[in-house]
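> Before anything else, here's the structure in question.
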There are 2 protein chains.
Amino acid sequence: MKWLEDEIIKRGKILDGNILKVNSFLNHQLDIELLNKMTLLWFDHFKRKHPTKILTIEASGIALATLLAQRFNIPALFAKKGSPSNLGEAYHTDIYSYTRNEYQTISVEKTYLNENDSVLIVDDFLATGEAARGLINICKNANCEIVGIGTVIEKGFQHGGDKLREDGFDVYSLEIIESMDSSTGKINFR
Amino acid sequence: MKWLEDEIIKRGKILDGNILKVNSFLNHQLDIELLNKMTLLWFDHFKRKHPTKILTIEASGIALATLLAQRFNIPALFAKKGSPSNLGEAYHTDIYSYTRNEYQTISVEKTYLNENDSVLIVDDFLATGEAARGLINICKNANCEIVGIGTVIEKGFQHGGDKLREDGFDVYSLEIIESMDSSTGKINFR
């Protein structure tokens, strides 16, 4: 998507450690018009799979999940970090956070996912695929179908998306970055 | 709002410790149609104040901020919990979390708030007002105007909203709960 590449180049910032900072429109300040253009692409790609629920993980996935759920006219659901004391019976799984260098539990109440659900997973970034794997685990525990995985920016050089595709998942990333260089600011898209 | 009282009574659950659990539509699973009805009420109330930005705090406020920002056609911005290492120069403030029994830092990058902004603060709940006070502090540090505070459910018996109104803020809570009883499940609205 030319327009999205342009936005990433114009408004993104490459930090050391292969971090692409897109705080100006995707995961701190939210440019709703832009997010709506993103969710339209997911909608067109996944609509014939008739998802019943959009699943994401707090916090950066929530705005995207909300706008996509609005298009499909279905509920969104976000996995909570930790094991909040006021959750009922819940599915839990641990995901590894490379930025925090530790495992973190995520939780979804059992009431909100079951074998009749067809789940579309969305998130802002896909790198090693840890977060997506965590959400997949939860869906598997709930015996629900996973119709696909939508992400905005996939870090192709971390290969999480490739492995998910090898495992048969329909992964639709709006942009896949093959390499980026914090010294020159240059981004190569796949 | 009769329809919202009905939803809270039908779908909410009162837990010990004055906790009202509305995970089925507001802060775990998200009923987008219902959330859109909520944001329309805020929009009508605050539109003549012409906000330039919607400000909330991760995670439960994000869906509401997103849908309200969509109505106003302005950006949303969510304060991040902690002091993420990839934030640039940021405003920080500490808020007390009664559920965690500890202070927690929240952060907003300085780039995204300045003296030209008219900020509308929104969140799902208003109880002691700690989260709102934190966001107000950040706005004050950024020298921006606060046009009002929109919340879905105010726990009137914890008086955070009353104090904010005494301080001159335009606080518009869609529902104010005067009391609730976990043994009977009875909720009294103001």
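Each chain in the structure tokens gets a letter, A, B, ..., in the order shown, and its residues are numbered from 1; ligands are numbered from 1 in order too.
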Could the residues of chain B that have an atom at most 7 Å from chain A be listed as a tab-separated table, each with its closest atom pair and the distance in Å to one decimal, counting only C-alpha atoms and ordered by chain and ascending residue number?

residue	atom	partner	partner_atom	distance
B:His28	CA	A:Phe78	CA	5.7
B:Gln29	CA	A:Leu77	CA	4.2
B:Leu30	CA	A:Ala76	CA	5.0
B:Asp31	CA	A:Pro75	CA	5.3
B:Ile32	CA	A:Gln70	CA	6.0
B:Glu58	CA	A:Ala59	CA	6.1
B:Ala59	CA	A:Ala59	CA	5.2
B:Ile62	CA	A:Ala63	CA	6.2
B:Ala63	CA	A:Ala63	CA	5.6
B:Thr66	CA	A:Ala63	CA	5.9
B:Gln70	CA	A:Ile32	CA	6.0
B:Pro75	CA	A:Asp31	CA	5.2
B:Ala76	CA	A:Leu30	CA	5.0
B:Leu77	CA	A:Gln29	CA	4.2
B:Phe78	CA	A:His28	CA	5.7
> Using the selection just defined, write its residues with C-alpha atoms as a PDB file, in the first residue's frame.

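part04.pdb was written with the following content:
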ATOM      1  CA  HIS B  28     -13.144  -6.703  28.031  1.00  0.00           C
ATOM      2  CA  GLN B  29     -15.632  -7.597  25.338  1.00  0.00           C
ATOM      3  CA  LEU B  30     -16.699  -4.435  23.502  1.00  0.00           C
ATOM      4  CA  ASP B  31     -20.236  -3.943  22.214  1.00  0.00           C
ATOM      5  CA  ILE B  32     -19.451  -1.394  19.518  1.00  0.00           C
ATOM      6  CA  GLU B  58      -4.811   2.610  28.504  1.00  0.00           C
ATOM      7  CA  ALA B  59      -6.454   0.176  28.291  1.00  0.00           C
ATOM      8  CA  ILE B  62      -9.121   3.355  24.259  1.00  0.00           C
ATOM      9  CA  ALA B  63     -12.193   1.955  22.492  1.00  0.00           C
ATOM     10  CA  THR B  66     -11.389   5.934  19.358  1.00  0.00           C
ATOM     11  CA  GLN B  70     -14.103   9.342  14.969  1.00  0.00           C
ATOM     12  CA  PRO B  75      -7.035  12.422  16.927  1.00  0.00           C
ATOM     13  CA  ALA B  76      -7.304  10.286  20.039  1.00  0.00           C
ATOM     14  CA  LEU B  77      -4.379   9.955  22.411  1.00  0.00           C
ATOM     15  CA  PHE B  78      -3.909   7.441  25.179  1.00  0.00           C
TER      16      PHE B  78
END
> Could you pull out the helix (DSSP H, G or I) residues of chain A from DSSP and send them as a count of residues only?
64
> List as a list in words the protein and nucleic acid residues near A:Gly160, meaning an atom at most 9 Å away when only C-alpha atoms are counted, but skip any in the same chain fewer than 5 places from it.
Leu126, Ala127, Thr128, Gly129, Glu130, Ala132, Glu154, Lys155 and Arg165 of chain A
> Within 9 Å of stretch 89-94 of chain A, counting only C-alpha atoms, which residues show up once you throw out same-chain ones fewer than 6 positions away? Write them as a list of chain:residue names, please.
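Here the answer would be A:Gly82, A:Ser83, A:Tyr103, A:Gln104, A:Thr105, A:Ile106, A:Ser107, A:Val108, A:Glu109, A:Lys110, A:Thr111, A:Gly134, A:Leu135, A:Asn137, A:Ile138, A:Cys139, A:Asn141, A:Ala142.
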> The selected residues should be written to file as a PDB file, in the first residue's frame (atoms: C-alpha atoms).

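Output file result33.pdb follows:
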ATOM      1  CA  GLY A  82      -1.938 -10.270  33.816  1.00  0.00           C
ATOM      2  CA  SER A  83      -4.666 -12.156  35.635  1.00  0.00           C
ATOM      3  CA  TYR A 103       7.079 -13.768  30.292  1.00  0.00           C
ATOM      4  CA  GLN A 104       3.723 -12.119  30.743  1.00  0.00           C
ATOM      5  CA  THR A 105       0.370 -13.766  31.314  1.00  0.00           C
ATOM      6  CA  ILE A 106      -2.593 -12.734  29.169  1.00  0.00           C
ATOM      7  CA  SER A 107      -6.173 -13.661  29.994  1.00  0.00           C
ATOM      8  CA  VAL A 108      -9.583 -13.905  28.328  1.00  0.00           C
ATOM      9  CA  GLU A 109     -12.749 -14.745  30.213  1.00  0.00           C
ATOM     10  CA  LYS A 110     -14.154 -18.084  29.100  1.00  0.00           C
ATOM     11  CA  THR A 111     -17.638 -16.622  28.663  1.00  0.00           C
ATOM     12  CA  GLY A 134      -0.662 -16.308  22.699  1.00  0.00           C
ATOM     13  CA  LEU A 135      -4.007 -15.323  21.202  1.00  0.00           C
ATOM     14  CA  ASN A 137      -3.394 -20.585  22.179  1.00  0.00           C
ATOM     15  CA  ILE A 138      -6.370 -18.980  23.837  1.00  0.00           C
ATOM     16  CA  CYS A 139      -8.556 -19.630  20.778  1.00  0.00           C
ATOM     17  CA  ASN A 141      -8.280 -23.664  24.370  1.00  0.00           C
ATOM     18  CA  ALA A 142     -11.701 -22.205  23.614  1.00  0.00           C
TER      19      ALA A 142
END
> What's around B:Glu178 at 10 Å? Count only C-alpha atoms, leave out sequence neighbours fewer than 5 positions away in its own chain, and write the answer as a ChimeraX atom specification.
/B:154-159,187-190
> Next, the residues of the selection above should be written as a PDB file, in the first residue's frame with N, CA and C atoms.

ATOM      1  N   GLU B 154     -20.125   6.600  36.636  1.00  0.00           N
ATOM      2  CA  GLU B 154     -19.498   7.273  37.791  1.00  0.00           C
ATOM      3  C   GLU B 154     -20.001   6.611  39.064  1.00  0.00           C
ATOM      4  N   LYS B 155     -19.073   6.267  39.939  1.00  0.00           N
ATOM      5  CA  LYS B 155     -19.466   5.740  41.243  1.00  0.00           C
ATOM      6  C   LYS B 155     -19.636   6.938  42.169  1.00  0.00           C
ATOM      7  N   GLY B 156     -20.876   7.431  42.224  1.00  0.00           N
ATOM      8  CA  GLY B 156     -21.156   8.664  42.961  1.00  0.00           C
ATOM      9  C   GLY B 156     -20.743   8.596  44.409  1.00  0.00           C
ATOM     10  N   PHE B 157     -20.804   7.394  44.980  1.00  0.00           N
ATOM     11  CA  PHE B 157     -20.511   7.226  46.406  1.00  0.00           C
ATOM     12  C   PHE B 157     -19.008   7.331  46.696  1.00  0.00           C
ATOM     13  N   GLN B 158     -18.180   7.429  45.647  1.00  0.00           N
ATOM     14  CA  GLN B 158     -16.749   7.621  45.891  1.00  0.00           C
ATOM     15  C   GLN B 158     -16.316   9.078  45.649  1.00  0.00           C
ATOM     16  N   HIS B 159     -17.273   9.889  45.161  1.00  0.00           N
ATOM     17  CA  HIS B 159     -17.177  11.357  45.174  1.00  0.00           C
ATOM     18  C   HIS B 159     -16.061  11.980  44.346  1.00  0.00           C
ATOM     19  N   ILE B 187     -28.941  -1.887  42.159  1.00  0.00           N
ATOM     20  CA  ILE B 187     -28.172  -0.673  41.868  1.00  0.00           C
ATOM     21  C   ILE B 187     -29.101   0.528  41.926  1.00  0.00           C
ATOM     22  N   ASN B 188     -28.698   1.539  42.691  1.00  0.00           N
ATOM     23  CA  ASN B 188     -29.457   2.805  42.710  1.00  0.00           C
ATOM     24  C   ASN B 188     -28.734   3.862  41.912  1.00  0.00           C
ATOM     25  N   PHE B 189     -29.417   4.372  40.880  1.00  0.00           N
ATOM     26  CA  PHE B 189     -28.820   5.422  40.063  1.00  0.00           C
ATOM     27  C   PHE B 189     -29.219   6.793  40.602  1.00  0.00           C
ATOM     28  N   ARG B 190     -28.328   7.769  40.445  1.00  0.00           N
ATOM     29  CA  ARG B 190     -28.639   9.136  40.877  1.00  0.00           C
ATOM     30  C   ARG B 190     -29.679   9.727  39.937  1.00  0.00           C
TER      31      ARG B 190
END
> For a test of reading the model, state the distance in Å between atom CA of A:Leu40 and atom CA of A:Ser118, rounded to one decimal.
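Computed distance, atom CA of A:Leu40 to atom CA of A:Ser118, equals 18.8 Å.
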> Can you work out which one of A:Ile176, A:Ile95, A:Phe46, A:Thr56 has the shortest atom-to-atom distance to A:Asp162, counting only C-alpha atoms?
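So, comparing all the options, the nearest one is A:Ile176.
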> With only C-alpha atoms as the atoms that count, which of B:Leu164, B:Ile146, B:Ile9, B:Leu34 lies nearest to B:Pro51?
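The shortest atom-to-atom distance to B:Pro51 comes from B:Ile146.
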> What gap, in Å, lies between atom CA of B:Ala131 and atom CA of B:Gly168?
17.1 Å
> Measure the distance from atom CA of A:Ser183 to atom CA of A:Ile14 in Å and round it to one decimal.
8.3 Å
> Would you kindly return, as a PDB file with N, CA and C atoms, in the first residue's frame, each protein, DNA or RNA residue with an atom no farther than 12 Å from any atom of B:Met1, considering only C-alpha atoms and excluding same-chain residues fewer than 5 positions away?

ATOM      1  N   ASP B   6     -30.606  -0.012  31.848  1.00  0.00           N
ATOM      2  CA  ASP B   6     -31.071  -1.378  31.575  1.00  0.00           C
ATOM      3  C   ASP B   6     -29.909  -2.312  31.243  1.00  0.00           C
ATOM      4  N   GLU B   7     -28.969  -1.821  30.424  1.00  0.00           N
ATOM      5  CA  GLU B   7     -27.811  -2.656  30.058  1.00  0.00           C
ATOM      6  C   GLU B   7     -26.955  -2.971  31.281  1.00  0.00           C
ATOM      7  N   ILE B   8     -26.755  -1.947  32.112  1.00  0.00           N
ATOM      8  CA  ILE B   8     -25.915  -2.142  33.299  1.00  0.00           C
ATOM      9  C   ILE B   8     -26.575  -3.145  34.242  1.00  0.00           C
ATOM     10  N   LYS B  37     -23.415   4.504  20.888  1.00  0.00           N
ATOM     11  CA  LYS B  37     -24.512   5.259  21.488  1.00  0.00           C
ATOM     12  C   LYS B  37     -24.000   6.146  22.634  1.00  0.00           C
ATOM     13  N   MET B  38     -23.022   5.602  23.372  1.00  0.00           N
ATOM     14  CA  MET B  38     -22.435   6.380  24.468  1.00  0.00           C
ATOM     15  C   MET B  38     -21.689   7.600  23.930  1.00  0.00           C
ATOM     16  N   LEU B  41     -23.729  10.626  22.924  1.00  0.00           N
ATOM     17  CA  LEU B  41     -24.171  11.487  24.027  1.00  0.00           C
ATOM     18  C   LEU B  41     -23.058  12.468  24.413  1.00  0.00           C
ATOM     19  N   VAL B 152     -18.421   6.928  31.414  1.00  0.00           N
ATOM     20  CA  VAL B 152     -19.636   6.129  31.223  1.00  0.00           C
ATOM     21  C   VAL B 152     -20.328   5.919  32.558  1.00  0.00           C
ATOM     22  N   ILE B 153     -19.597   5.388  33.511  1.00  0.00           N
ATOM     23  CA  ILE B 153     -20.200   5.064  34.807  1.00  0.00           C
ATOM     24  C   ILE B 153     -19.416   5.754  35.919  1.00  0.00           C
ATOM     25  N   SER B 173     -21.017  12.314  33.188  1.00  0.00           N
ATOM     26  CA  SER B 173     -21.070  10.863  33.334  1.00  0.00           C
ATOM     27  C   SER B 173     -22.418  10.379  32.831  1.00  0.00           C
ATOM     28  N   LEU B 174     -22.401   9.356  32.001  1.00  0.00           N
ATOM     29  CA  LEU B 174     -23.662   8.901  31.417  1.00  0.00           C
ATOM     30  C   LEU B 174     -24.571   8.285  32.478  1.00  0.00           C
ATOM     31  N   GLU B 175     -23.969   7.631  33.453  1.00  0.00           N
ATOM     32  CA  GLU B 175     -24.733   7.123  34.594  1.00  0.00           C
ATOM     33  C   GLU B 175     -23.940   7.375  35.871  1.00  0.00           C
ATOM     34  N   ILE B 176     -24.671   7.771  36.916  1.00  0.00           N
ATOM     35  CA  ILE B 176     -24.031   7.929  38.224  1.00  0.00           C
ATOM     36  C   ILE B 176     -24.707   6.959  39.188  1.00  0.00           C
ATOM     37  N   PHE B 189     -29.417   4.372  40.880  1.00  0.00           N
ATOM     38  CA  PHE B 189     -28.820   5.422  40.063  1.00  0.00           C
ATOM     39  C   PHE B 189     -29.219   6.793  40.602  1.00  0.00           C
ATOM     40  N   ARG B 190     -28.328   7.769  40.445  1.00  0.00           N
ATOM     41  CA  ARG B 190     -28.639   9.136  40.877  1.00  0.00           C
ATOM     42  C   ARG B 190     -29.679   9.727  39.937  1.00  0.00           C
TER      43      ARG B 190
END
